[in-house]
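Undergrad: My structure is in upload09.txt, and what it holds is compact mmCIF, C-alpha atoms and all ligand atoms:
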# COMPACT_ATOMS: atom_id res chain seq x y z
CA MET Z 1 24.44 -156.69 217.69
CA ARG Z 2 28.08 -156.96 216.77
CA GLU Z 3 30.69 -154.39 215.88
CA ARG Z 4 31.42 -153.91 212.23
CA GLU Z 5 33.20 -151.58 209.85
CA TYR Z 6 31.57 -148.34 208.68
CA ILE Z 7 32.49 -145.63 206.22
CA ALA Z 8 31.86 -141.93 206.88
CA LEU Z 9 31.59 -139.16 204.30
CA THR Z 10 32.72 -135.75 205.53
CA SER Z 11 31.68 -132.43 204.07
CA GLY Z 12 33.74 -131.18 201.13
CA ASP Z 13 34.51 -127.70 202.46
CA HIS Z 14 36.53 -128.79 205.53
CA PRO Z 15 37.67 -132.44 205.20
CA GLU Z 16 40.28 -132.14 207.99
CA LEU Z 17 37.81 -130.59 210.39
CA GLY Z 18 35.23 -133.24 209.49
CA LEU Z 19 37.73 -135.96 210.35
CA GLY Z 20 38.55 -134.21 213.64
CA GLU Z 21 34.86 -134.01 214.47
CA LEU Z 22 34.35 -137.69 213.63
CA ARG Z 23 37.27 -138.63 215.89
CA ALA Z 24 35.82 -136.52 218.72
CA VAL Z 25 32.29 -137.91 218.40
CA LEU Z 26 33.57 -141.50 218.36
CA ALA Z 27 35.48 -140.75 221.57
CA VAL Z 28 32.37 -139.23 223.20
CA LEU Z 29 30.31 -142.27 222.24
CA GLY Z 30 32.93 -144.56 223.78
CA VAL Z 31 33.93 -146.12 220.45
CA GLU Z 32 37.51 -147.30 220.77
CA SER Z 33 38.27 -147.38 217.05
CA ASP Z 34 40.08 -144.35 215.65
CA PRO Z 35 38.80 -143.29 212.20
CA ARG Z 36 41.12 -144.26 209.37
CA PRO Z 37 41.13 -141.92 206.35
CA ILE Z 38 40.96 -143.96 203.13
CA ALA Z 39 40.49 -141.06 200.67
CA GLU Z 40 39.87 -137.34 200.89
CA ARG Z 41 36.46 -137.01 202.66
CA LEU Z 42 36.22 -140.74 203.47
CA ALA Z 43 37.17 -142.51 206.69
CA THR Z 44 36.40 -145.94 208.09
CA PHE Z 45 35.84 -146.96 211.70
CA ARG Z 46 34.56 -149.95 213.71
CA ALA Z 47 31.46 -149.51 215.86
CA LEU Z 48 28.16 -151.04 216.92
CA PRO Z 49 25.20 -150.27 214.59
CA GLU Z 50 23.53 -147.86 217.03
CA GLN Z 51 26.82 -146.02 217.57
CA ALA Z 52 27.32 -145.62 213.81
CA LYS Z 53 23.83 -144.14 213.46
CA GLU Z 54 24.43 -141.79 216.37
CA VAL Z 55 27.72 -140.57 214.86
CA ALA Z 56 25.91 -139.29 211.80
CA ALA Z 57 23.07 -137.76 213.83
CA ARG Z 58 25.43 -135.83 216.14
CA CYS Z 59 27.91 -134.47 213.59
CA GLY Z 60 27.85 -131.15 211.77
CA LEU Z 61 30.40 -132.06 209.13
CA VAL Z 62 29.95 -135.82 208.74
CA LYS Z 63 27.25 -135.99 206.11
CA GLU Z 64 26.45 -139.70 206.28
CA VAL Z 65 27.61 -143.08 207.48
CA ALA Z 66 27.26 -146.39 205.62
CA VAL Z 67 28.16 -149.99 206.39
CA LEU Z 68 31.41 -150.80 204.60
CA SER Z 69 30.37 -153.69 202.34
CA LEU Z 70 32.70 -153.26 199.43
CA LYS Z 71 36.05 -151.63 198.82
CA ALA Z 72 37.88 -152.03 195.53
CA ASP Z 73 40.08 -150.38 192.97
CA VAL Z 74 38.19 -148.62 190.12
CA ASP Z 75 39.97 -150.96 187.70
CA LEU Z 76 37.85 -153.79 189.10
CA ILE Z 77 34.60 -152.18 187.99
CA GLY Z 78 32.77 -154.63 185.76
CA THR Z 79 34.37 -157.67 187.42
CA ASP Z 80 32.93 -160.03 189.97
CA ILE Z 81 34.35 -158.63 193.21
CA ASP Z 82 33.92 -159.74 196.83
CA ILE Z 83 31.22 -158.08 198.86
CA ASP Z 84 30.34 -158.49 202.52
CA GLN Z 85 27.54 -161.09 202.45
CA SER Z 86 25.93 -160.25 205.81
CA SER Z 87 25.36 -156.60 204.93
CA VAL Z 88 23.69 -157.64 201.66
CA GLU Z 89 21.48 -160.11 203.56
CA ALA Z 90 20.45 -157.24 205.85
CA ILE Z 91 19.24 -154.96 203.01
CA THR Z 92 15.54 -154.11 203.42
CA GLU Z 93 13.70 -154.17 200.09
CA PRO Z 94 13.17 -152.29 197.87
CA TYR Z 95 16.60 -150.80 197.51
CA ALA Z 96 18.54 -148.53 195.15
CA VAL Z 97 22.23 -148.13 194.47
CA ARG Z 98 23.27 -144.48 194.50
CA ALA Z 99 26.81 -143.57 193.54
CA LEU Z 100 28.59 -140.33 194.46
CA ARG Z 101 31.67 -139.23 192.60
CA LEU Z 102 33.86 -137.33 195.06
CA HIS Z 103 36.97 -136.62 193.01
CA GLY Z 104 39.06 -138.18 190.29
CA HIS Z 105 38.57 -139.03 186.65
CA GLU Z 106 35.46 -138.66 184.50
CA ARG Z 107 35.15 -142.42 184.09
CA PRO Z 108 33.64 -144.67 185.23
CA SER Z 109 30.39 -142.73 185.13
CA ARG Z 110 27.96 -142.76 188.04
CA VAL Z 111 25.53 -144.91 186.05
CA GLU Z 112 28.23 -147.45 185.16
CA VAL Z 113 29.14 -147.77 188.83
CA GLU Z 114 25.50 -148.14 189.91
CA ARG Z 115 24.80 -150.85 187.31
CA TRP Z 116 27.94 -152.74 188.27
CA VAL Z 117 27.16 -152.70 192.01
CA ALA Z 118 23.54 -153.72 191.33
CA SER Z 119 24.81 -156.72 189.33
CA VAL Z 120 27.20 -157.71 192.14
CA LEU Z 121 24.33 -157.49 194.66
CA ASP Z 122 22.07 -159.50 192.37
CA ARG Z 123 24.61 -162.29 192.32
CA VAL Z 124 24.72 -162.43 196.14
CA ARG Z 125 20.96 -162.00 196.64
CA PRO Z 126 19.13 -162.72 193.37
CA GLY Z 127 15.78 -161.04 192.86
CA LEU Z 128 16.38 -158.20 195.35
CA LYS Z 129 13.62 -155.66 194.60
CA VAL Z 130 14.71 -152.27 193.28
CA ASP Z 131 12.90 -148.93 193.63
CA LEU Z 132 14.89 -146.01 192.35
CA GLU Z 133 12.33 -143.42 193.46
CA SER Z 134 11.65 -144.33 197.09
CA PRO Z 135 13.88 -147.15 198.27
CA GLU Z 136 13.85 -148.54 201.82
CA THR Z 137 17.62 -148.98 201.65
CA VAL Z 138 20.08 -146.80 199.80
CA PHE Z 139 23.24 -148.68 198.91
CA ARG Z 140 25.74 -145.83 198.72
CA VAL Z 141 28.86 -146.14 196.58
CA TYR Z 142 31.62 -143.53 196.68
CA VAL Z 143 34.07 -143.11 193.84
CA ALA Z 144 37.15 -141.25 195.05
CA GLY Z 145 40.14 -141.27 192.75
CA GLU Z 146 41.19 -144.90 192.33
CA LEU Z 147 38.89 -146.14 195.07
CA VAL Z 148 35.31 -147.43 194.98
CA ALA Z 149 33.78 -148.13 198.40
CA GLY Z 150 30.40 -148.21 200.06
CA GLY Z 151 27.47 -150.10 201.48
CA PRO Z 152 23.96 -149.59 202.88
CA LEU Z 153 23.45 -146.13 204.38
CA THR Z 154 22.83 -146.30 208.11
CA GLY Z 155 22.68 -142.69 209.19
CA GLU Z 156 22.59 -139.12 207.98
CA ARG Z 157 23.37 -135.77 209.51
CA ASP Z 158 20.41 -133.93 211.10
CA ARG Z 159 20.00 -131.60 208.10
CA VAL Z 160 16.48 -130.61 209.05
CA GLY Z 161 17.31 -129.69 212.65
CA LEU Z 162 20.42 -127.74 211.64
CA ALA Z 163 18.50 -125.82 208.96
CA ARG Z 164 15.66 -125.08 211.38
CA ARG Z 165 18.06 -123.32 213.78
CA ALA Z 166 19.73 -121.22 211.03
CA PRO Z 167 20.06 -117.50 211.91
CA VAL Z 168 17.20 -116.53 209.55
CA ASN Z 169 14.80 -118.63 211.61
CA ARG Z 170 15.87 -117.28 215.01
CA PRO Z 171 13.84 -114.53 216.69
CA PHE Z 172 17.06 -112.80 217.79
CA LYS Z 173 20.11 -112.45 215.57
CA LEU Z 174 23.34 -110.47 215.33
CA PRO Z 175 25.84 -110.44 212.47
CA SER Z 176 28.50 -112.08 214.67
CA THR Z 177 26.53 -115.30 215.09
CA LEU Z 178 27.72 -118.77 214.12
CA GLN Z 179 25.90 -121.06 211.72
CA PRO Z 180 24.44 -124.16 213.42
CA ARG Z 181 26.88 -126.45 211.62
CA GLU Z 182 29.90 -124.45 212.84
CA ALA Z 183 28.53 -124.31 216.37
CA ARG Z 184 27.82 -128.04 216.37
CA VAL Z 185 31.35 -128.89 215.26
CA MET Z 186 32.74 -126.79 218.11
CA VAL Z 187 30.48 -128.54 220.62
CA ASN Z 188 31.62 -131.92 219.32
CA LEU Z 189 35.31 -131.01 219.33
CA SER Z 190 34.96 -130.17 223.05
CA ARG Z 191 34.34 -133.89 223.70
CA THR Z 192 32.05 -132.98 226.58
CA PRO Z 193 30.74 -136.25 228.07
CA ILE Z 194 27.13 -137.01 227.08
CA GLY Z 195 24.64 -135.21 229.32
CA ALA Z 196 27.33 -133.16 231.12
CA ARG Z 197 27.41 -129.37 231.39
CA LEU Z 198 28.86 -127.47 228.45
CA LEU Z 199 29.86 -123.85 229.01
CA ASP Z 200 30.09 -120.99 226.50
CA PRO Z 201 31.62 -118.02 228.37
CA PHE Z 202 30.97 -115.58 225.46
CA SER Z 203 27.59 -116.90 224.43
CA GLY Z 204 26.21 -114.02 222.33
CA THR Z 205 22.95 -115.00 220.64
CA GLY Z 206 23.37 -118.61 221.81
CA ALA Z 207 24.33 -120.55 218.65
CA ILE Z 208 26.67 -122.87 220.58
CA LEU Z 209 24.15 -123.27 223.42
CA MET Z 210 21.41 -124.24 220.95
CA GLU Z 211 23.53 -126.98 219.41
CA ALA Z 212 24.75 -128.21 222.80
CA ALA Z 213 21.20 -128.32 224.18
CA SER Z 214 19.90 -130.08 221.08
CA LEU Z 215 22.57 -132.77 221.62
CA GLY Z 216 21.27 -133.29 225.15
CA TYR Z 217 23.92 -131.30 227.03
CA ASP Z 218 23.16 -129.08 229.97
CA ALA Z 219 24.16 -125.88 228.15
CA ILE Z 220 25.17 -122.80 230.10
CA GLY Z 221 26.21 -119.46 228.65
CA ILE Z 222 27.65 -116.24 230.07
CA GLU Z 223 27.00 -112.99 228.23
CA VAL Z 224 28.05 -109.56 229.43
CA ARG Z 225 25.36 -107.55 227.63
CA THR Z 226 21.96 -108.01 229.22
CA TRP Z 227 20.00 -107.30 226.03
CA ILE Z 228 21.97 -110.03 224.22
CA THR Z 229 21.40 -112.42 227.14
CA ARG Z 230 17.66 -111.82 226.78
CA GLY Z 231 17.90 -112.42 223.03
CA ALA Z 232 19.76 -115.72 223.51
CA LEU Z 233 17.06 -116.85 225.94
CA ARG Z 234 14.42 -116.01 223.33
CA ASN Z 235 16.29 -118.09 220.77
CA LEU Z 236 16.55 -121.08 223.09
CA LYS Z 237 12.86 -120.81 223.93
CA ALA Z 238 11.88 -120.60 220.25
CA PHE Z 239 13.45 -124.03 219.65
CA ASN Z 240 12.12 -125.62 222.87
CA LEU Z 241 15.59 -125.80 224.38
CA ARG Z 242 15.03 -123.77 227.54
CA GLU Z 243 14.85 -126.81 229.82
CA GLU Z 244 18.33 -127.90 228.80
CA SER Z 245 19.93 -124.44 228.93
CA GLU Z 246 20.66 -121.31 230.96
CA VAL Z 247 22.20 -117.97 230.05
CA VAL Z 248 23.69 -115.86 232.83
CA ALA Z 249 24.11 -112.10 232.40
CA GLY Z 250 27.65 -111.50 233.61
CA ASP Z 251 31.33 -110.96 232.94
CA SER Z 252 33.32 -114.12 232.25
CA SER Z 253 36.47 -112.49 233.56
CA SER Z 254 34.94 -112.83 237.02
CA MET Z 255 33.74 -116.38 236.49
CA PRO Z 256 30.49 -117.01 238.32
CA LEU Z 257 30.85 -120.84 238.10
CA ARG Z 258 32.90 -122.90 240.53
CA GLY Z 259 32.91 -126.32 238.89
CA GLY Z 260 30.71 -128.99 237.35
CA VAL Z 261 31.68 -128.14 233.77
CA GLY Z 262 32.42 -131.02 231.38
CA GLY Z 263 33.67 -128.98 228.44
CA VAL Z 264 33.82 -125.52 226.89
CA ALA Z 265 33.14 -124.23 223.38
CA THR Z 266 33.28 -120.51 222.68
CA ASP Z 267 33.63 -117.78 220.13
CA PRO Z 268 35.13 -114.72 221.90
CA PRO Z 269 34.30 -111.15 220.87
CA TYR Z 270 36.17 -109.67 217.94
CA GLY Z 271 35.10 -107.40 215.11
CA ARG Z 272 32.92 -104.33 215.23
CA SER Z 273 29.65 -105.92 216.32
CA THR Z 274 31.14 -107.64 219.38
CA ARG Z 275 33.37 -105.03 221.01
CA VAL Z 276 35.27 -106.15 224.10
CA ILE Z 277 34.28 -104.54 227.35
CA GLY Z 278 37.20 -103.94 229.75
CA PRO Z 279 40.70 -105.27 228.95
CA SER Z 280 42.10 -105.98 225.46
CA LEU Z 281 40.78 -109.01 223.59
CA VAL Z 282 44.07 -110.87 224.09
CA ASP Z 283 44.09 -110.24 227.85
CA LEU Z 284 40.40 -111.10 228.19
CA VAL Z 285 40.74 -114.41 226.32
CA ASP Z 286 43.89 -115.36 228.24
CA PHE Z 287 42.31 -114.47 231.54
CA VAL Z 288 39.10 -116.40 230.87
CA ILE Z 289 40.91 -119.49 229.52
CA SER Z 290 43.24 -119.49 232.53
CA SER Z 291 40.31 -119.38 234.92
CA LEU Z 292 38.60 -122.17 232.97
CA THR Z 293 41.65 -124.41 233.33
CA GLU Z 294 41.14 -124.17 237.10
CA LEU Z 295 37.45 -124.96 236.75
CA LEU Z 296 37.79 -128.02 234.52
CA GLU Z 297 39.07 -131.46 235.46
CA ARG Z 298 42.31 -132.66 233.86
CA GLY Z 299 41.80 -134.05 230.35
CA ARG Z 300 38.73 -131.89 229.64
CA ARG Z 301 38.70 -129.73 226.52
CA ILE Z 302 38.18 -126.07 225.65
CA VAL Z 303 37.40 -125.13 222.05
CA VAL Z 304 38.08 -121.51 221.13
CA ALA Z 305 37.40 -119.87 217.76
CA TYR Z 306 39.87 -117.06 217.06
CA PRO Z 307 40.42 -115.07 213.86
CA MET Z 308 43.63 -115.59 211.95
CA GLY Z 309 45.77 -112.45 211.70
CA LEU Z 310 45.02 -111.02 215.15
CA LYS Z 311 47.61 -111.15 217.93
CA LEU Z 312 47.26 -114.61 219.46
CA PRO Z 313 46.60 -114.92 223.21
CA ALA Z 314 49.43 -116.89 224.89
CA THR Z 315 47.04 -119.67 225.96
CA LEU Z 316 46.14 -120.29 222.29
CA ALA Z 317 49.82 -120.70 221.42
CA SER Z 318 50.58 -122.88 224.45
CA SER Z 319 51.23 -126.63 224.70
CA MET Z 320 47.63 -127.06 225.89
CA VAL Z 321 46.57 -126.77 222.21
CA VAL Z 322 46.16 -130.34 220.91
CA GLU Z 323 44.34 -129.62 217.62
CA ARG Z 324 43.95 -126.61 215.33
CA TYR Z 325 41.68 -126.15 212.28
CA SER Z 326 41.39 -123.17 209.92
CA CYS Z 327 38.01 -122.32 208.43
CA ARG Z 328 37.57 -119.60 205.83
CA VAL Z 329 34.34 -117.79 206.69
CA HIS Z 330 34.56 -115.01 204.05
CA PRO Z 331 37.41 -113.32 202.15
CA SER Z 332 38.41 -111.22 205.17
CA LEU Z 333 37.84 -113.76 207.95
CA VAL Z 334 39.60 -117.06 208.56
CA ARG Z 335 38.48 -118.50 211.86
CA VAL Z 336 40.90 -120.87 213.56
CA LEU Z 337 39.44 -123.43 215.94
CA HIS Z 338 41.88 -124.13 218.77
CA VAL Z 339 41.25 -127.26 220.83
CA LEU Z 340 42.92 -127.11 224.23
CA GLU Z 341 43.26 -129.97 226.68
CA VAL Z 342 43.51 -129.04 230.33
C1 LIG Z 401 31.55 -113.33 218.89
S1 LIG Z 401 30.25 -113.04 220.00
C2 LIG Z 401 29.59 -114.63 220.27
C3 LIG Z 401 28.75 -115.05 219.15
C4 LIG Z 401 27.99 -116.31 219.45
N1 LIG Z 401 28.80 -117.49 219.25
C5 LIG Z 401 26.73 -116.36 218.61
O1 LIG Z 401 26.59 -117.29 217.82
O2 LIG Z 401 25.91 -115.47 218.71
C6 LIG Z 401 31.03 -112.71 221.55
C7 LIG Z 401 30.09 -112.28 222.65
O3 LIG Z 401 30.87 -112.11 223.85
C8 LIG Z 401 30.26 -111.07 224.62
N2 LIG Z 401 31.25 -110.60 225.60
C9 LIG Z 401 32.20 -109.64 225.44
N3 LIG Z 401 32.94 -109.52 226.58
C10 LIG Z 401 32.43 -110.41 227.45
C11 LIG Z 401 32.74 -110.78 228.80
N4 LIG Z 401 33.77 -110.19 229.45
N5 LIG Z 401 32.02 -111.73 229.41
C12 LIG Z 401 30.99 -112.33 228.76
N6 LIG Z 401 30.63 -112.02 227.50
C13 LIG Z 401 31.34 -111.09 226.85
C14 LIG Z 401 29.85 -110.05 223.56
O4 LIG Z 401 28.83 -109.21 224.06
C15 LIG Z 401 29.40 -110.95 222.42
O5 LIG Z 401 28.00 -111.15 222.45
Now, as a test, write the supplied structure out as structure tokens.
TA:
Amino acid sequence: MREREYIALTSGDHPELGLGELRAVLAVLGVESDPRPIAERLATFRALPEQAKEVAARCGLVKEVAVLSLKADVDLIGTDIDIDQSSVEAITEPYAVRALRLHGHERPSRVEVERWVASVLDRVRPGLKVDLESPETVFRVYVAGELVAGGPLTGERDRVGLARRAPVNRPFKLPSTLQPREARVMVNLSRTPIGARLLDPFSGTGAILMEAASLGYDAIGIEVRTWITRGALRNLKAFNLREESEVVAGDSSSMPLRGGVGGVATDPPYGRSTRVIGPSLVDLVDFVISSLTELLERGRRIVVAYPMGLKLPATLASSMVVERYSCRVHPSLVRVLHVLEV
């Protein structure tokens, strides 16, 4: 199988973060191509077919990935444009064209776009069978401003798995928990090598551990409150993730680990439900991050969620920070994801 060009659609609520996650997942999968944004929420990259499929399956904010078969200006709708022949040859019948309007003008309508693409495909491969209800192949077309682009869908985000691990379905939950999608993005931003050990030093109910374990990492958490540690273990067990994970009852400021960690993703305690035990939050976070920098090899990453508006620990304002993303959680909480490189 040869490398080819793909197009990824990121989620509408955090396009920048989606692009950052895509970049991180490509790096983890060993894809050399850097994603190239071509419109808000759309980026292209070169990869092997199995890598493209895996990108979509691993991401929290990349909704889907399609082969890039056509890319044109909206003005060309209705004309006989060029389309990548090999991707049309590879369509499994029956198929359906499905257009998505991302942003821009009212026209052309979705139906106009779908009819036009179907006629272009019919010219390249006459008689291609269509089934609008249950197609084998969905030929996705995005309309974003002046751009029309798309091709056969190759992979989608693991919506079912992410929904299954939502807080409502967990046996143990606390208000401070992360949604699976948020936790997954943090795991991906850590760029932990596939199969390596991922550490969450403030693991709470285990949202990050669940996503890390479900991506095949050896997930290890540290949680100072024993009753929460027990709850996190119940959660991991409920989703059959106990073999890939461990939660240690302990204080991260006296780090029980000595090495063997490939990356860190964590959401330190703040707010009423997750009071800090011992020093101030700032001192605790600084102390733990400093000890992690000694534990991790050079080039490894630490992802830390920290609320906007609180005094920032020095480590989160240091030159170790290589990426930063703001996510509005609710009117009184904007969580900033800091990505540090050791
Ligand atoms: C914001 S919560 C983590 C939430 C978690 N991401 C989840 O989805 O449930 C932070 C957790 O850190 C724990 N914690 C506080 N101080 C700690 C310390 N020194 N060492 C380890 N855990 C600590 C708190 O008990 C709390 O459960």
Undergrad: So which residues are near ligand LIG 401 (chain Z), meaning at most 6 Å away with only C-alpha atoms and all ligand atoms counted, given back as a PyMOL selection string?
TA: chain Z and resi 176-178+201-208+222-225+250-253+267-270+274+276-277
Undergrad: Emit the selected residues as an mmCIF file, keeping the file's coordinate frame, including C-alpha atoms.
TA:
data_model
loop_
_atom_site.group_PDB
_atom_site.id
_atom_site.type_symbol
_atom_site.label_atom_id
_atom_site.label_comp_id
_atom_site.auth_asym_id
_atom_site.auth_seq_id
_atom_site.Cartn_x
_atom_site.Cartn_y
_atom_site.Cartn_z
ATOM 1 C CA SER Z 176 28.500 -112.080 214.670
ATOM 2 C CA THR Z 177 26.530 -115.300 215.090
ATOM 3 C CA LEU Z 178 27.720 -118.770 214.120
ATOM 4 C CA PRO Z 201 31.620 -118.020 228.370
ATOM 5 C CA PHE Z 202 30.970 -115.580 225.460
ATOM 6 C CA SER Z 203 27.590 -116.900 224.430
ATOM 7 C CA GLY Z 204 26.210 -114.020 222.330
ATOM 8 C CA THR Z 205 22.950 -115.000 220.640
ATOM 9 C CA GLY Z 206 23.370 -118.610 221.810
ATOM 10 C CA ALA Z 207 24.330 -120.550 218.650
ATOM 11 C CA ILE Z 208 26.670 -122.870 220.580
ATOM 12 C CA ILE Z 222 27.650 -116.240 230.070
ATOM 13 C CA GLU Z 223 27.000 -112.990 228.230
ATOM 14 C CA VAL Z 224 28.050 -109.560 229.430
ATOM 15 C CA ARG Z 225 25.360 -107.550 227.630
ATOM 16 C CA GLY Z 250 27.650 -111.500 233.610
ATOM 17 C CA ASP Z 251 31.330 -110.960 232.940
ATOM 18 C CA SER Z 252 33.320 -114.120 232.250
ATOM 19 C CA SER Z 253 36.470 -112.490 233.560
ATOM 20 C CA ASP Z 267 33.630 -117.780 220.130
ATOM 21 C CA PRO Z 268 35.130 -114.720 221.900
ATOM 22 C CA PRO Z 269 34.300 -111.150 220.870
ATOM 23 C CA TYR Z 270 36.170 -109.670 217.940
ATOM 24 C CA THR Z 274 31.140 -107.640 219.380
ATOM 25 C CA VAL Z 276 35.270 -106.150 224.100
ATOM 26 C CA ILE Z 277 34.280 -104.540 227.350
#
Undergrad: If you take only C-alpha atoms and a cut-off of 6 Å, which residues of region 19-130 of chain Z touch region 154-172 of chain Z, and what are their nearest atom pairs and distances in Å to one decimal, in chain and number order, as CSV?
TA:
residue,atom,partner,partner_atom,distance
Z:Lys53,CA,Z:Gly155,CA,4.7
Z:Ala56,CA,Z:Arg157,CA,4.9
Z:Ala57,CA,Z:Arg157,CA,4.8
Z:Lys63,CA,Z:Arg157,CA,5.2
Z:Glu64,CA,Z:Glu156,CA,4.3
Z:Val65,CA,Z:Gly155,CA,5.2
Z:Ala66,CA,Z:Thr154,CA,5.1
Undergrad: Residues proximal to (15.2, -156.5, 196.4) were defined as those with any atom within 10 Å of that point in the file's coordinates, counting all atoms listed in the file. Which are they, as a CSV table (one decimal) with C-alpha atoms, in the frame of the given file?
TA:
chain,number,residue,atom,x,y,z
Z,91,ILE,CA,19.2,-155.0,203.0
Z,92,THR,CA,15.5,-154.1,203.4
Z,93,GLU,CA,13.7,-154.2,200.1
Z,94,PRO,CA,13.2,-152.3,197.9
Z,95,TYR,CA,16.6,-150.8,197.5
Z,96,ALA,CA,18.5,-148.5,195.2
Z,121,LEU,CA,24.3,-157.5,194.7
Z,122,ASP,CA,22.1,-159.5,192.4
Z,125,ARG,CA,21.0,-162.0,196.6
Z,126,PRO,CA,19.1,-162.7,193.4
Z,127,GLY,CA,15.8,-161.0,192.9
Z,128,LEU,CA,16.4,-158.2,195.4
Z,129,LYS,CA,13.6,-155.7,194.6
Z,130,VAL,CA,14.7,-152.3,193.3
Z,131,ASP,CA,12.9,-148.9,193.6
Z,135,PRO,CA,13.9,-147.2,198.3
Z,136,GLU,CA,13.8,-148.5,201.8
Z,137,THR,CA,17.6,-149.0,201.6
Undergrad: Please, which residues are within 10 Å of (28.8, -134.1, 221.8) by the file's coordinates, counting all atoms listed in the file, and could they come as a PyMOL selection string?
TA: chain Z and resi 21+24-29+55+58-59+184-196+198+211-217+263
Undergrad: State, in Å with one decimal place, the distance from CA of Phe239 (chain Z) to CA of Leu209 (chain Z).
TA: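 Answer for the CA of Phe239 (chain Z) to CA of Leu209 (chain Z) separation: 11.4 Å.
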Undergrad: If you measure from CA of His103 (chain Z) to CA of Ala144 (chain Z), what distance in Å do you get, rounded to one decimal?
TA: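 Value for the CA of His103 (chain Z)-CA of Ala144 (chain Z) distance: 5.1 Å.
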Undergrad: Which is closest to Glu246 (chain Z) among Z:Gly221, Z:Gly231, Z:Pro35, Z:Gly12, if we use all atoms listed in the file?
TA: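 Of Z:Gly221, Z:Gly231, Z:Pro35, Z:Gly12, the one nearest Glu246 (chain Z) is Z:Gly221, counting all atoms listed in the file.
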Undergrad: Point out the residue among Z:Gly30, Z:Pro180, Z:Gly60, Z:Gly259 with the least atom-to-atom distance to Ala47 (chain Z), counting only C-alpha atoms.
TA: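 Residue with the minimum atom-to-atom distance to Ala47 (chain Z): Z:Gly30.
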Undergrad: Do a neighbour search on Tyr325 (chain Z) at 7 Å with all atoms listed in the file, toss out local chain neighbours closer than 5 positions, and write the hits as a count of residues only.
TA: 4
Undergrad: Using only C-alpha atoms, which of the listed residues (Z:Leu48, Z:Leu281, Z:Val339, Z:Leu61) sits closest to Arg300 (chain Z)?
TA: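 Using only C-alpha atoms, Arg300 (chain Z) sits closest to Z:Val339.
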Undergrad: Would you list the contacts of Val261 (chain Z) as a ChimeraX atom specification, taking every protein, DNA or RNA residue within 7 Å and counting all atoms listed in the file, but skipping same-chain residues closer than 6 positions in sequence?
TA: /Z:197-199,296
Undergrad: Next, dump the selected residues to file, keeping only C-alpha atoms, as an mmCIF file, keeping the file's coordinate frame.
TA:
data_model
loop_
_atom_site.group_PDB
_atom_site.id
_atom_site.type_symbol
_atom_site.label_atom_id
_atom_site.label_comp_id
_atom_site.auth_asym_id
_atom_site.auth_seq_id
_atom_site.Cartn_x
_atom_site.Cartn_y
_atom_site.Cartn_z
ATOM 1 C CA ARG Z 197 27.410 -129.370 231.390
ATOM 2 C CA LEU Z 198 28.860 -127.470 228.450
ATOM 3 C CA LEU Z 199 29.860 -123.850 229.010
ATOM 4 C CA LEU Z 296 37.790 -128.020 234.520
#
Undergrad: Name the closest residue to Gly299 (chain Z) among the candidates Z:Val342, Z:Glu5, Z:Val117, Z:Glu16; distances are taken between atoms, counting only C-alpha atoms.
TA: Z:Val342
Undergrad: My list of candidates is Z:Thr79, Z:Tyr142, Z:Gly104, Z:Ala90. Which is closest to Ser119 (chain Z) when distances are computed with all atoms listed in the file?
TA: Z:Thr79
Undergrad: Compile a residue-level contact table for region 70-101 of chain Z against region 105-113 of chain Z at a cut-off of 8 Å, reporting for every qualifying residue the shortest atom pair and its distance in Å to one decimal, with only C-alpha atoms counted, rows ordered by chain and ascending number, as a Markdown table.
TA:
| residue | atom | partner | partner_atom | distance |
| --- | --- | --- | --- | --- |
| Z:Val74 | CA | Z:Pro108 | CA | 7.8 |
| Z:Ile77 | CA | Z:Val113 | CA | 7.1 |
| Z:Ala99 | CA | Z:Arg110 | CA | 5.7 |
| Z:Leu100 | CA | Z:Arg110 | CA | 6.9 |
| Z:Arg101 | CA | Z:Arg110 | CA | 6.9 |
Undergrad: Those same residues, written as a PDB file, keeping the file's coordinate frame with C-alpha atoms?
TA:
ATOM      1  CA  VAL Z  74      38.190-148.620 190.120  1.00  0.00           C
ATOM      2  CA  ILE Z  77      34.600-152.180 187.990  1.00  0.00           C
ATOM      3  CA  ALA Z  99      26.810-143.570 193.540  1.00  0.00           C
ATOM      4  CA  LEU Z 100      28.590-140.330 194.460  1.00  0.00           C
ATOM      5  CA  ARG Z 101      31.670-139.230 192.600  1.00  0.00           C
TER       6      ARG Z 101
END
Undergrad: Report the distance between CA of Met1 (chain Z) and CA of Val67 (chain Z) in Å, rounded to one decimal place.
TA: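 Calculated distance between CA of Met1 (chain Z) and CA of Val67 (chain Z) is 13.7 Å.
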Undergrad: When you count all atoms listed in the file, which of these residues is closest to Cys327 (chain Z): Z:Glu182, Z:Asp286, Z:Glu243, Z:Glu54?
TA: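 Closest to Cys327 (chain Z) of all the choices is Z:Glu182.
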Undergrad: Could you write out as lines of an AutoDock Vina configuration file the box around region 67-82 of chain Z (axis-aligned, all atoms listed in the file, 5 Å on each side), with centre and edge lengths in Å to one decimal?
TA:
center_x = 34.1
center_y = -154.3
center_z = 196.1
size_x = 21.9
size_y = 21.4
size_z = 30.6
